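Trainee: Can you read through this structure? Questions will come right after.
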Amino acid sequence: MLDCKHASHLLSRSLERPLSLQLRLALRLHLLLCDACTQFSRQLVLLRAAVGSLSRRIENDHSLVLPDQARERIAGALAVRAQPAGDSGRQPQGGGD
Amino acid sequence: MPSPENTHDWLAEHGDYLYRYALARLRAPHLAEDAVQETLLAAMQGSGYAGKSSARTWLTGILKHKIIDQFRRQQRETALEEPEEIADDAPGMDEFFEGRHWSEPPQSWGEPASLLQQDQFLQILQDCMDKLPKKLARIFLLREVEETDNDEICKELEISPTNAWVMLYRARMGLRKCLELNWIGEGR
């Protein structure tokens, strides 16, 4: 018989990869008998949806724009890179790592 | 190879879009700005744009890779700061359980469809994500927003599947507890 700790771990893992039939059955049996883990299972689904919803809000929020300073900096970096590379052939990447 | 004029047009036309896309995943303005810059620089050097898809789609494809690069870089930096953060095989969730049972059993948060419409609920979720250890928050975002599948996360971040499961589990457990304290506690 699964305990709640194990069941909660399996519930989270089942969002990543299908569980074996044996584990699925054990989990289903546990959920039948356990309200707390049933709630947890709902919470996991809700968390996933809510995080997606937060991100879509950011994507669709047209008041969020690339700040002018950043835009100028990027335009500057593009202009530098656009200059003929000379005879070095390959320019070093900006990051330097 | 795209001409420099193209790249500047792309910055003008798609800069805001790319910025929001990056912000939704990286959740930090300076990192999002860097990702946009790296994307346009790569676009300028690349020969990949054949005009088959829209420029925006093509740029977004490059941006996705740049975002994953950012994640990887940050995870490495964080690894130096919090070396003991994640053990490979230890869920280490004792704080949530007393013996075999939940120390604070999960509660209902309300009707899912209505919760997702509520600014307050989403704001609390955002605050809770900000409170998670950064490493957990990032892998959670990479998984849930980018919908990167588990194998790809493991490959990109150079971690084992078990480690990824444990980190996602801990992120979810941390978030649900935080939401329960802050949402059930005062919101309802």
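Within each chain, counting starts at residue 1; across the structure tokens, chains are named A, B, ... in the order shown, with ligands numbered 1 upward in that order.
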Could you pull out the alpha helix (DSSP H) residues of chain B, going by DSSP on the backbone, and write them as an NGL selection string?

Mentor: :B and (4-26 or 29-45 or 55-81 or 112-115 or 119-131 or 134-144 or 150-157 or 161-179 or 185-187)

Trainee: Could you list, as JSON, numbers by chain, every residue of chain B that has an atom within 8 Å of an atom of chain A, counting only C-alpha atoms?

Mentor: {"B": [4, 7, 8, 11, 15, 16, 17, 19, 20, 21, 23, 24, 25, 33, 37, 40, 41, 44, 97, 100, 101, 102, 105, 106, 107, 108, 109, 112, 116, 122, 125, 126, 141, 144, 145, 149, 150, 165, 168, 169, 172, 176]}

Trainee: Could you tell me how far CA of His65 in chain B lies from CA of Val36 in chain B, in Å and to one decimal?

Mentor: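 Interatomic distance here is 11.2 Å.
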
Trainee: Near Asp130 in chain B, within 10 Å and counting only C-alpha atoms, which residues show up once chain neighbours fewer than 5 positions away are dropped, as JSON, numbers by chain?

Mentor: {"B": [27, 124, 125, 137, 175]}

Trainee: Which residues are near Leu25 in chain A? Cut-off 12 Å, only C-alpha atoms, ignore same chain within fewer than 4 positions. Put them as a PDB file with N, CA and C atoms, in the first residue's frame.

Mentor:
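The resulting around35.pdb:
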```pdb
ATOM      1  N   MET A   1       0.847  -1.214   0.000  1.00  0.00           N
ATOM      2  CA  MET A   1       0.000   0.000   0.000  1.00  0.00           C
ATOM      3  C   MET A   1       0.876   1.256   0.000  1.00  0.00           C
ATOM      4  N   LEU A   2       0.579   2.163  -0.912  1.00  0.00           N
ATOM      5  CA  LEU A   2       1.341   3.411  -0.985  1.00  0.00           C
ATOM      6  C   LEU A   2       1.049   4.294   0.213  1.00  0.00           C
ATOM      7  N   ALA A   7       2.885   8.530  -2.813  1.00  0.00           N
ATOM      8  CA  ALA A   7       1.819   8.830  -3.774  1.00  0.00           C
ATOM      9  C   ALA A   7       1.994  10.225  -4.366  1.00  0.00           C
ATOM     10  N   LEU A  10       4.709  10.171  -6.908  1.00  0.00           N
ATOM     11  CA  LEU A  10       4.281   9.521  -8.155  1.00  0.00           C
ATOM     12  C   LEU A  10       3.343  10.418  -8.953  1.00  0.00           C
ATOM     13  N   LEU A  19       3.391   6.325 -15.823  1.00  0.00           N
ATOM     14  CA  LEU A  19       3.827   5.341 -14.832  1.00  0.00           C
ATOM     15  C   LEU A  19       3.551   3.934 -15.359  1.00  0.00           C
ATOM     16  N   SER A  20       4.218   2.972 -14.757  1.00  0.00           N
ATOM     17  CA  SER A  20       3.931   1.581 -15.118  1.00  0.00           C
ATOM     18  C   SER A  20       2.498   1.247 -14.703  1.00  0.00           C
ATOM     19  N   LEU A  21       1.954   0.222 -15.305  1.00  0.00           N
ATOM     20  CA  LEU A  21       0.578  -0.186 -15.004  1.00  0.00           C
ATOM     21  C   LEU A  21       0.424  -0.473 -13.512  1.00  0.00           C
ATOM     22  N   LEU A  29      -5.785   3.226  -6.500  1.00  0.00           N
ATOM     23  CA  LEU A  29      -6.346   2.675  -5.260  1.00  0.00           C
ATOM     24  C   LEU A  29      -6.122   3.650  -4.102  1.00  0.00           C
ATOM     25  N   HIS A  30      -4.923   4.207  -4.033  1.00  0.00           N
ATOM     26  CA  HIS A  30      -4.625   5.153  -2.966  1.00  0.00           C
ATOM     27  C   HIS A  30      -5.556   6.373  -3.059  1.00  0.00           C
ATOM     28  N   LEU A  31      -5.740   6.877  -4.270  1.00  0.00           N
ATOM     29  CA  LEU A  31      -6.572   8.072  -4.448  1.00  0.00           C
ATOM     30  C   LEU A  31      -8.028   7.814  -4.063  1.00  0.00           C
ATOM     31  N   LEU A  32      -8.478   6.586  -4.308  1.00  0.00           N
ATOM     32  CA  LEU A  32      -9.851   6.241  -3.920  1.00  0.00           C
ATOM     33  C   LEU A  32     -10.072   6.412  -2.425  1.00  0.00           C
TER      34      LEU A  32
END
```

Trainee: Would you mind reading off the distance between CA of Ile62 in chain B and CA of Ala42 in chain B, one decimal, in Å?

Mentor: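 CA of Ala42 in chain B lies 7.7 Å from CA of Ile62 in chain B.
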
Trainee: As a list in words, please: every residue in chain B that a backbone DSSP assignment puts in strand (DSSP E or B).

Mentor: Phe97, Glu98, His101 and Trp102 of chain B

Trainee: Of the candidates B:Phe71, B:Phe140, B:Trp183, B:Phe96, which shows the shortest atom-to-atom distance to Gln123 in chain B, using only C-alpha atoms?

Mentor: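 Result for the nearest residue to Gln123 in chain B: B:Trp183.
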
Trainee: Find the distance between CA of Leu136 in chain B and CA of Met167 in chain B and write it in Å to one decimal.

Mentor: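 Here the two named atoms are 5.9 Å from each other.
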